[in-house]
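Novice: I have a structure I would like to understand better, so I am pasting it below and will then ask my questions one at a time.
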There are 2 protein chains.
Amino acid sequence: MTGEHAFIRALRAIACDPAARGLADDAAVLVLGGETLVLTLDTVVEGVHYLPGDPPADVAWKLVAVNVSDLCAKAATPVGCLYSHALGEAEWDAAFLAGLDAACRHFAIPLLGGDTVRMPAAAPRSFSLTALGTGPRDAPVPCRTAARGGDRLWVSGTIGDAGLGLAAARDRRAGEPAALARLVARYRRPCPDPRLGAALAPLVHAMMDVSDGLLVDAARMAEASGAALRIALDAVPLSAALVAVAGDTRQARLAATTAGDDYELLFTAPAEHTARIRETASALDRPLTPIGVVETGHGLSLTHDGEDIPLPRRLGYEH
Amino acid sequence: MTGEHAFIRALRAIACDPAARGLADDAAVLVLGGETLVLTLDTVVEGVHYLPGDPPADVAWKLVAVNVSDLCAKAATPVGCLYSHALGEAEWDAAFLAGLDAACRHFAIPLLGGDTVRMPAAAPRSFSLTALGTGPRDAPVPCRTAARGGDRLWVSGTIGDAGLGLAAARDRRAGEPAALARLVARYRRPCPDPRLGAALAPLVHAMMDVSDGLLVDAARMAEASGAALRIALDAVPLSAALVAVAGDTRQARLAATTAGDDYELLFTAPAEHTARIRETASALDRPLTPIGVVETGHGLSLTHDGEDIPLPRRLGYEH
């Protein structure tokens with residue numbers, strides 16, 4: 001057990017309120033005055049979650065987007081956010097604020113407050129944002145523990161773009177410039193859609209966001225649900241930009257499904273909801289693709305072109 | 001205008017939702033599903049808000065307490081908190097968690113979630129906590145803008161202990177060990193009382209917490225209210241421990257009223273509520289002391305033993 005795992009175990013022992021959901025979920029959920037509130041808090045650290053050279057407006061966008069993604073996974077509609085800003089160089093900070101403003105408008109999540117702190121000289125900075133949303137009115141708040149044998153497994157959007165975009169942003173991938181630019185944009189400006197999570201709430205069993213890699217997040221869903229997830233690697237949706245840069249080999253698909261930062265939705269639903277799920281995708285213009293099935297048992301397994309294949313050693317970003 | 005002031009001005013332009021209260025208040029206030037929600041987010045940074053040698057359990061306690069103090073100022077009852085932990089040395093982190101647990105229990109504010117992040121090697125760490133509370137049911141949520149001419153100005157507890165405690169913790173004050181220990185404890189473990197804020201809500205006009213120094217916070221209340229505040233320096237309540245270490249001179253009183261970290265309540269109330277305010281103090285065993293008056297006009301003025309005295313150059317911790 002790493003130090004971080006031991007720490008999180010100790011943290012779980014403290015967070016024993018039911019609203020904390022054992023800290024095993026994407027957000028806290030509590031019922032107050034007839035409303036279901038969903039609360040999440042994410043931090044980005046310079047040199048860990050972003051690089052000093054990254055465009056500050058994109059760092060701010062991502063800070064908002066990763067929290068909105070947690071709300072989406074809970075089918076919550078954004079209400080507002082608060083954030084803590086570590087002051088740095090004035091021009092950088094102004095550009096950061098512009099990106100924050102753009103993201104708050106895009107996601108319709110007004111900035112309600114927060115804190116501004118000074119940092120010791122030359123210290124890497126970090127930014128925390130907490131987002132508040134209201135849960136669905138016509139369905140329970142989805143969680144990652146409810147996958148059931150017989151469900152289909154679905155994913156929204158395309159997978160792996162951000163991971164390849166990160167490599168491109170670090171000049172570690174060559175390729176067609178327009179395709180690379182699309183991938184970098186997917187890394188820097190994730191666009192979760194709260195309408196999608198809300199529309200799916202009455203149709204799904206389990207739901208979570210994909211942030212650390214499709215395979216590792218699917219493995220977590222399998223474990224949390226006490227069910228087995230079987231993913232058809234060849235069914236995982238890839239963007240044209242990704243295929244243009246990385247091809248469509250088994251290796252490229254394994255790389256895509258173990259890369260982080262997708263901020264897409266992973267969910268399971270009974271087969272009889274398939275038509276309504278497809279209508280939702282069409283109504284919101286957000287692709288939703290069946291990529292596997294839920295079976296009794298436990299753990300994650302993988303097929304490619306109908307053939308069982310071993311899991312890669314590394315399933316995603318583990319923390 | 002410093003860079004920080006320019007930044008905060010730009011931030012206010014973004015935070016134009018009414019719930020943000022122009023970022024000029026202690027917390028965001030929004031009405032949702034028939035409940036009034038109060039949300040605050042504060043960050044503490046190693047080397048800025050605490051020293052690497054400070055006991056980690058006290059750092060955690062203070063992180064919770066400063067947020068609870070914001071809830072108190074809004075007469076809110078704590079509902080829960082989320083926090084972001086920057087991982088460091090395992091033993092330090094475990095002690096921090098123990099302090100967090102103790103504070104969450106003391107203030108009855110369950111930990112509901114948060115984030116755990118890694119830091120670059122040797123980077124100073126920071127911790128953000130967001131606290132959620134519910135506002136009073138029988139009164140409007142107090143704000144700092146409502147002081148009215150004719151009001152009395154009150155403060156809870158004693159003033160200046162934490163500032164002197166900080167000096168003592170840094171070995172910059174000599175004195176009777178028991179008195180010094182009490183002052184250091186006041187610095188490290190502030191104890192705002194949410195019951196007090198809630199009980200005062202129907203009695204007050206303006207209310208805020210004193211965190212940056214009594215004088216600077218009073219000046220902010222005067223400015224926000226468009227009223228003049230006159231404080232009788234000799235009426236400001238001092239603890240026996242403070243007087244034992246620093247004496248009771250005008251200089252000691254100016255030092256006490258310009259020191260930060262009190263986390264007491266500053267409020268104004270009409271004179272006819274005086275008896276009920278004294279009953280509240282007595283019922284909750286929390287001293288409440290009248291220290292001045294609100295007059296028409298603007299700004300802060302000071303008397304000592306009935307004589308007008310000039311404001312000190314520095315009113316408190318300005319940021």
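Ligands are numbered from 1 in the order shown, chains are lettered A, B, ... in the order of the structure tokens, and residues start at 1 in each chain.
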Hey, could you make a per-residue contact list for chain A against chain B with 6 Å as the cut-off, showing the nearest pair of atoms and its distance in Å to one decimal, counting only C-alpha atoms, sorted by chain and number, as JSON lines?

Specialist:
```
{"residue": "A:Ala15", "atom": "CA", "partner": "B:Leu111", "partner_atom": "CA", "distance": 5.0}
{"residue": "A:Ala20", "atom": "CA", "partner": "B:Leu112", "partner_atom": "CA", "distance": 4.1}
{"residue": "A:Leu23", "atom": "CA", "partner": "B:Gly113", "partner_atom": "CA", "distance": 5.7}
{"residue": "A:Ala28", "atom": "CA", "partner": "B:Leu112", "partner_atom": "CA", "distance": 5.7}
{"residue": "A:Gly33", "atom": "CA", "partner": "B:Glu35", "partner_atom": "CA", "distance": 5.3}
{"residue": "A:Gly34", "atom": "CA", "partner": "B:Gly33", "partner_atom": "CA", "distance": 5.7}
{"residue": "A:Glu35", "atom": "CA", "partner": "B:Gly33", "partner_atom": "CA", "distance": 5.3}
{"residue": "A:Leu41", "atom": "CA", "partner": "B:Gly114", "partner_atom": "CA", "distance": 5.1}
{"residue": "A:Asp42", "atom": "CA", "partner": "B:Asp115", "partner_atom": "CA", "distance": 5.6}
{"residue": "A:Leu111", "atom": "CA", "partner": "B:Ala15", "partner_atom": "CA", "distance": 5.0}
{"residue": "A:Leu112", "atom": "CA", "partner": "B:Ala20", "partner_atom": "CA", "distance": 4.0}
{"residue": "A:Gly113", "atom": "CA", "partner": "B:Ala20", "partner_atom": "CA", "distance": 5.6}
{"residue": "A:Gly114", "atom": "CA", "partner": "B:Leu41", "partner_atom": "CA", "distance": 5.1}
{"residue": "A:Asp115", "atom": "CA", "partner": "B:Asp42", "partner_atom": "CA", "distance": 5.6}
{"residue": "A:Ala123", "atom": "CA", "partner": "B:Ala123", "partner_atom": "CA", "distance": 6.0}
```

Novice: Env of Ile231 (chain B): 6 Å cut, atoms = only C-alpha atoms, seq-sep filter 6 positions within chain, self excluded. Answer as a compact mmCIF listing (two decimals) with all heavy atoms, in the first residue's frame.

Specialist:
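Saved the output as around03.txt:
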```
# COMPACT_ATOMS: atom_id res chain seq x y z
N ILE B 291 -18.65 47.93 22.12
CA ILE B 291 -17.35 48.62 22.01
C ILE B 291 -17.45 49.94 21.26
O ILE B 291 -16.43 50.59 21.04
CB ILE B 291 -16.29 47.73 21.30
CG1 ILE B 291 -16.76 47.36 19.88
CG2 ILE B 291 -15.98 46.50 22.13
CD1 ILE B 291 -15.65 46.77 19.02
N GLY B 292 -18.66 50.33 20.86
CA GLY B 292 -18.74 51.60 20.15
C GLY B 292 -20.12 51.83 19.59
O GLY B 292 -21.09 51.16 19.99
N LEU B 302 -11.70 56.50 16.51
CA LEU B 302 -11.25 55.80 17.71
C LEU B 302 -11.20 56.78 18.88
O LEU B 302 -10.76 57.92 18.73
CB LEU B 302 -9.83 55.30 17.42
CG LEU B 302 -9.37 53.92 17.90
CD1 LEU B 302 -10.37 52.85 17.56
CD2 LEU B 302 -8.01 53.61 17.27
```

Novice: Quick one: which region 30-113 of chain A residues come within 12 Å of region 163-169 of chain A, and what is the nearest atom pair for each with the distance in Å to one decimal, counting only C-alpha atoms, rows ordered by chain and ascending number, as CSV?

Specialist:
```
residue,atom,partner,partner_atom,distance
A:His49,CA,A:Leu166,CA,11.1
A:Tyr50,CA,A:Leu166,CA,10.0
A:Leu51,CA,A:Ala169,CA,10.3
A:Gly53,CA,A:Ala169,CA,10.3
A:Asp54,CA,A:Ala169,CA,8.8
A:Pro55,CA,A:Ala169,CA,11.0
```

Novice: Which of region 61-205 of chain B counts as strand (DSSP E or B) under DSSP, as a PyMOL selection string please?

Specialist: chain B and resi 77-86+111-117+126-134+143+152-156

Novice: Which distance in Å separates CA of Ser156 (chain A) and CA of Leu265 (chain A), to one decimal?

Specialist: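 For CA of Ser156 (chain A) relative to CA of Leu265 (chain A), the distance reads 5.3 Å.
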
Novice: Enumerate the residues of region 16-230 of chain B with a DSSP assignment of helix (DSSP H, G or I), computed from the backbone, and present them as a PyMOL selection string.

Specialist: chain B and resi 18-23+56-73+90-106+161-169+177-188+194-200+214-225

Novice: Name the residues in contact with region 238-255 of chain A at a cut-off of 7 Å, using only C-alpha atoms, excluding same-chain residues fewer than 5 positions from it; report them as a list in words.

Specialist: Thr158, Ile159, Asp161, Gly175, Glu176, Ala179, Arg182, Leu183 and Leu233 of chain A

Novice: Would you save the residues from that selection as a PDB file, in the first residue's frame, using all heavy atoms?

Specialist:
```pdb
ATOM      1  N   THR A 158     -15.714  10.436 -27.620  1.00  0.00           N
ATOM      2  CA  THR A 158     -14.627   9.580 -28.093  1.00  0.00           C
ATOM      3  C   THR A 158     -13.564   9.508 -27.005  1.00  0.00           C
ATOM      4  O   THR A 158     -13.460  10.400 -26.169  1.00  0.00           O
ATOM      5  CB  THR A 158     -14.017  10.118 -29.399  1.00  0.00           C
ATOM      6  OG1 THR A 158     -13.596  11.472 -29.204  1.00  0.00           O
ATOM      7  CG2 THR A 158     -15.040  10.071 -30.538  1.00  0.00           C
ATOM      8  N   ILE A 159     -12.795   8.441 -27.049  1.00  0.00           N
ATOM      9  CA  ILE A 159     -11.865   8.110 -25.956  1.00  0.00           C
ATOM     10  C   ILE A 159     -10.416   8.245 -26.452  1.00  0.00           C
ATOM     11  O   ILE A 159     -10.107   7.858 -27.583  1.00  0.00           O
ATOM     12  CB  ILE A 159     -12.149   6.670 -25.482  1.00  0.00           C
ATOM     13  CG1 ILE A 159     -13.523   6.600 -24.794  1.00  0.00           C
ATOM     14  CG2 ILE A 159     -11.057   6.138 -24.550  1.00  0.00           C
ATOM     15  CD1 ILE A 159     -13.657   7.419 -23.519  1.00  0.00           C
ATOM     16  N   ASP A 161      -8.524  10.949 -26.920  1.00  0.00           N
ATOM     17  CA  ASP A 161      -8.090  12.191 -27.582  1.00  0.00           C
ATOM     18  C   ASP A 161      -7.190  13.033 -26.671  1.00  0.00           C
ATOM     19  O   ASP A 161      -6.154  13.538 -27.100  1.00  0.00           O
ATOM     20  CB  ASP A 161      -9.304  13.035 -27.977  1.00  0.00           C
ATOM     21  CG  ASP A 161     -10.169  12.328 -29.010  1.00  0.00           C
ATOM     22  OD1 ASP A 161      -9.622  11.485 -29.748  1.00  0.00           O
ATOM     23  OD2 ASP A 161     -11.376  12.605 -29.066  1.00  0.00           O
ATOM     24  N   GLY A 175       2.335  14.530 -36.687  1.00  0.00           N
ATOM     25  CA  GLY A 175       1.081  14.214 -37.368  1.00  0.00           C
ATOM     26  C   GLY A 175       0.530  15.419 -38.081  1.00  0.00           C
ATOM     27  O   GLY A 175       1.134  16.509 -38.063  1.00  0.00           O
ATOM     28  N   GLU A 176      -0.624  15.215 -38.677  1.00  0.00           N
ATOM     29  CA  GLU A 176      -1.292  16.259 -39.447  1.00  0.00           C
ATOM     30  C   GLU A 176      -1.659  17.399 -38.493  1.00  0.00           C
ATOM     31  O   GLU A 176      -2.312  17.162 -37.467  1.00  0.00           O
ATOM     32  CB  GLU A 176      -2.546  15.624 -40.076  1.00  0.00           C
ATOM     33  CG  GLU A 176      -3.065  16.330 -41.296  1.00  0.00           C
ATOM     34  CD  GLU A 176      -4.264  17.179 -40.933  1.00  0.00           C
ATOM     35  OE1 GLU A 176      -5.234  16.617 -40.393  1.00  0.00           O
ATOM     36  OE2 GLU A 176      -4.201  18.399 -41.164  1.00  0.00           O
ATOM     37  N   ALA A 179      -5.272  17.786 -37.122  1.00  0.00           N
ATOM     38  CA  ALA A 179      -5.658  16.686 -36.221  1.00  0.00           C
ATOM     39  C   ALA A 179      -4.997  16.872 -34.851  1.00  0.00           C
ATOM     40  O   ALA A 179      -5.632  16.724 -33.808  1.00  0.00           O
ATOM     41  CB  ALA A 179      -5.262  15.344 -36.841  1.00  0.00           C
ATOM     42  N   ARG A 182      -6.749  19.510 -32.891  1.00  0.00           N
ATOM     43  CA  ARG A 182      -8.021  19.056 -32.297  1.00  0.00           C
ATOM     44  C   ARG A 182      -7.766  18.237 -31.034  1.00  0.00           C
ATOM     45  O   ARG A 182      -8.485  18.359 -30.038  1.00  0.00           O
ATOM     46  CB  ARG A 182      -8.820  18.225 -33.316  1.00  0.00           C
ATOM     47  CG  ARG A 182      -9.664  19.096 -34.268  1.00  0.00           C
ATOM     48  CD  ARG A 182     -10.776  18.302 -34.928  1.00  0.00           C
ATOM     49  NE  ARG A 182     -10.259  17.273 -35.826  1.00  0.00           N
ATOM     50  CZ  ARG A 182      -9.845  17.504 -37.082  1.00  0.00           C
ATOM     51  NH1 ARG A 182      -9.870  18.723 -37.589  1.00  0.00           N
ATOM     52  NH2 ARG A 182      -9.393  16.511 -37.833  1.00  0.00           N
ATOM     53  N   LEU A 183      -6.715  17.408 -31.072  1.00  0.00           N
ATOM     54  CA  LEU A 183      -6.400  16.573 -29.911  1.00  0.00           C
ATOM     55  C   LEU A 183      -5.913  17.418 -28.732  1.00  0.00           C
ATOM     56  O   LEU A 183      -6.308  17.196 -27.578  1.00  0.00           O
ATOM     57  CB  LEU A 183      -5.354  15.520 -30.294  1.00  0.00           C
ATOM     58  CG  LEU A 183      -5.810  14.516 -31.370  1.00  0.00           C
ATOM     59  CD1 LEU A 183      -4.631  13.687 -31.869  1.00  0.00           C
ATOM     60  CD2 LEU A 183      -6.920  13.614 -30.833  1.00  0.00           C
ATOM     61  N   LEU A 233     -12.759  -3.897 -27.101  1.00  0.00           N
ATOM     62  CA  LEU A 233     -11.831  -2.811 -27.426  1.00  0.00           C
ATOM     63  C   LEU A 233     -12.138  -2.211 -28.797  1.00  0.00           C
ATOM     64  O   LEU A 233     -12.029  -0.991 -28.994  1.00  0.00           O
ATOM     65  CB  LEU A 233     -10.402  -3.378 -27.401  1.00  0.00           C
ATOM     66  CG  LEU A 233      -9.247  -2.389 -27.291  1.00  0.00           C
ATOM     67  CD1 LEU A 233      -9.365  -1.530 -26.050  1.00  0.00           C
ATOM     68  CD2 LEU A 233      -7.910  -3.143 -27.299  1.00  0.00           C
TER      69      LEU A 233
END
```

Novice: Do you know which residues are at most 8 Å from Asp209 (chain A) counting only C-alpha atoms, after dropping those on the same chain fewer than 3 positions away, and could you put them as JSON, numbers by chain?

Specialist: {"A": [26, 69, 70, 72, 73, 217, 263, 264, 265, 266]}

Novice: Tell me which of B:Ala222, B:Pro237, B:Gly260, B:Pro140 sits closest to Val66 (chain B), counting only C-alpha atoms.

Specialist: B:Gly260

Novice: If I take CA of Arg220 (chain B) and CA of Val204 (chain B), how far is one from the other in Å, to one decimal?

Specialist: 17.0 Å

Novice: Looking at B:Ile309, B:Leu284, B:Val38, B:Ala174, which one is nearest to Thr77 (chain B), with distances taken over only C-alpha atoms?

Specialist: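 Comparing B:Ile309, B:Leu284, B:Val38, B:Ala174 against Thr77 (chain B), the winner is B:Val38.
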
Novice: Go ahead and compute the interatomic distance for CA of Ala281 (chain A) and CA of His205 (chain A), in Å to one decimal.

Specialist: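 Computing it gives 17.1 Å between the two atoms.
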
Novice: Show me, as JSON, numbers by chain, the residues that have an atom within 9 Å of region 198-200 of chain A when counting only C-alpha atoms, minus same-chain residues fewer than 5 positions from it.

Specialist: {"A": [72, 73, 74, 75, 76, 77, 135, 136, 267, 277, 280]}

Novice: Could you list, as a PDB file with C-alpha atoms, in the first residue's frame, every residue within 12 Å of Ala206 (chain B), counting only C-alpha atoms and ignoring same-chain residues fewer than 4 positions away?

Specialist:
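As written to disk, selection-v1.pdb reads:
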```pdb
ATOM      1  CA  ASP B  25     -18.900  39.360   2.108  1.00  0.00           C
ATOM      2  CA  ALA B  73     -20.857  35.421  10.484  1.00  0.00           C
ATOM      3  CA  LYS B  74     -23.749  34.420   8.239  1.00  0.00           C
ATOM      4  CA  ALA B  75     -25.641  32.906  11.180  1.00  0.00           C
ATOM      5  CA  PRO B 140     -32.402  37.335   7.052  1.00  0.00           C
ATOM      6  CA  VAL B 141     -28.811  36.206   6.558  1.00  0.00           C
ATOM      7  CA  PRO B 142     -26.683  38.929   8.185  1.00  0.00           C
ATOM      8  CA  CYS B 143     -24.257  40.862   6.031  1.00  0.00           C
ATOM      9  CA  ARG B 144     -21.647  43.507   6.648  1.00  0.00           C
ATOM     10  CA  THR B 145     -23.502  46.233   4.748  1.00  0.00           C
ATOM     11  CA  ALA B 146     -26.367  46.865   7.170  1.00  0.00           C
ATOM     12  CA  ALA B 147     -24.869  48.979   9.986  1.00  0.00           C
ATOM     13  CA  ARG B 148     -27.191  51.936  10.701  1.00  0.00           C
ATOM     14  CA  GLY B 149     -26.676  55.212  12.521  1.00  0.00           C
ATOM     15  CA  ASP B 151     -26.725  51.114  16.326  1.00  0.00           C
ATOM     16  CA  ARG B 152     -24.415  49.901  19.003  1.00  0.00           C
ATOM     17  CA  LEU B 153     -21.261  48.080  17.875  1.00  0.00           C
ATOM     18  CA  TRP B 154     -20.472  44.790  19.627  1.00  0.00           C
ATOM     19  CA  VAL B 155     -17.770  42.183  19.570  1.00  0.00           C
ATOM     20  CA  GLY B 197     -24.171  33.544  15.069  1.00  0.00           C
ATOM     21  CA  LEU B 200     -27.752  36.755  17.092  1.00  0.00           C
ATOM     22  CA  ALA B 201     -29.281  36.756  13.593  1.00  0.00           C
ATOM     23  CA  PRO B 202     -32.678  38.179  14.625  1.00  0.00           C
ATOM     24  CA  ALA B 218     -14.559  47.486  11.398  1.00  0.00           C
ATOM     25  CA  ARG B 220     -14.575  47.430   6.085  1.00  0.00           C
ATOM     26  CA  MET B 221     -17.968  47.224   7.760  1.00  0.00           C
ATOM     27  CA  ALA B 222     -18.153  51.045   7.879  1.00  0.00           C
ATOM     28  CA  GLU B 223     -17.295  51.281   4.207  1.00  0.00           C
ATOM     29  CA  ALA B 224     -19.675  48.492   3.155  1.00  0.00           C
ATOM     30  CA  SER B 225     -22.503  50.035   5.186  1.00  0.00           C
ATOM     31  CA  GLY B 226     -21.873  53.647   4.177  1.00  0.00           C
ATOM     32  CA  ALA B 227     -21.826  54.547   7.863  1.00  0.00           C
ATOM     33  CA  LEU B 229     -18.094  53.447  13.176  1.00  0.00           C
ATOM     34  CA  LEU B 265     -18.016  38.217  15.634  1.00  0.00           C
ATOM     35  CA  LEU B 266     -18.358  41.961  15.059  1.00  0.00           C
ATOM     36  CA  PHE B 267     -21.940  43.177  14.808  1.00  0.00           C
ATOM     37  CA  THR B 268     -24.178  46.189  15.139  1.00  0.00           C
ATOM     38  CA  ALA B 269     -27.616  46.189  16.723  1.00  0.00           C
ATOM     39  CA  PRO B 270     -30.230  48.736  17.746  1.00  0.00           C
ATOM     40  CA  VAL B 294     -22.591  53.603  14.513  1.00  0.00           C
TER      41      VAL B 294
END
```

Novice: Quick one: of B:Arg173, B:Arg186, B:His5, B:Lys62, who's nearest to Phe107 (chain B), counting only C-alpha atoms?

Specialist: B:Lys62

Novice: With a distance cut-off of 10 Å and only C-alpha atoms, select the neighbouring residues of Arg314 (chain B), excluding the residue or stretch itself and same-chain residues fewer than 5 positions from it, and output the selection as a list in words.

Specialist: Gly213, Leu215, Val216, Leu254, Ala255, Thr258 and Ala259 of chain B
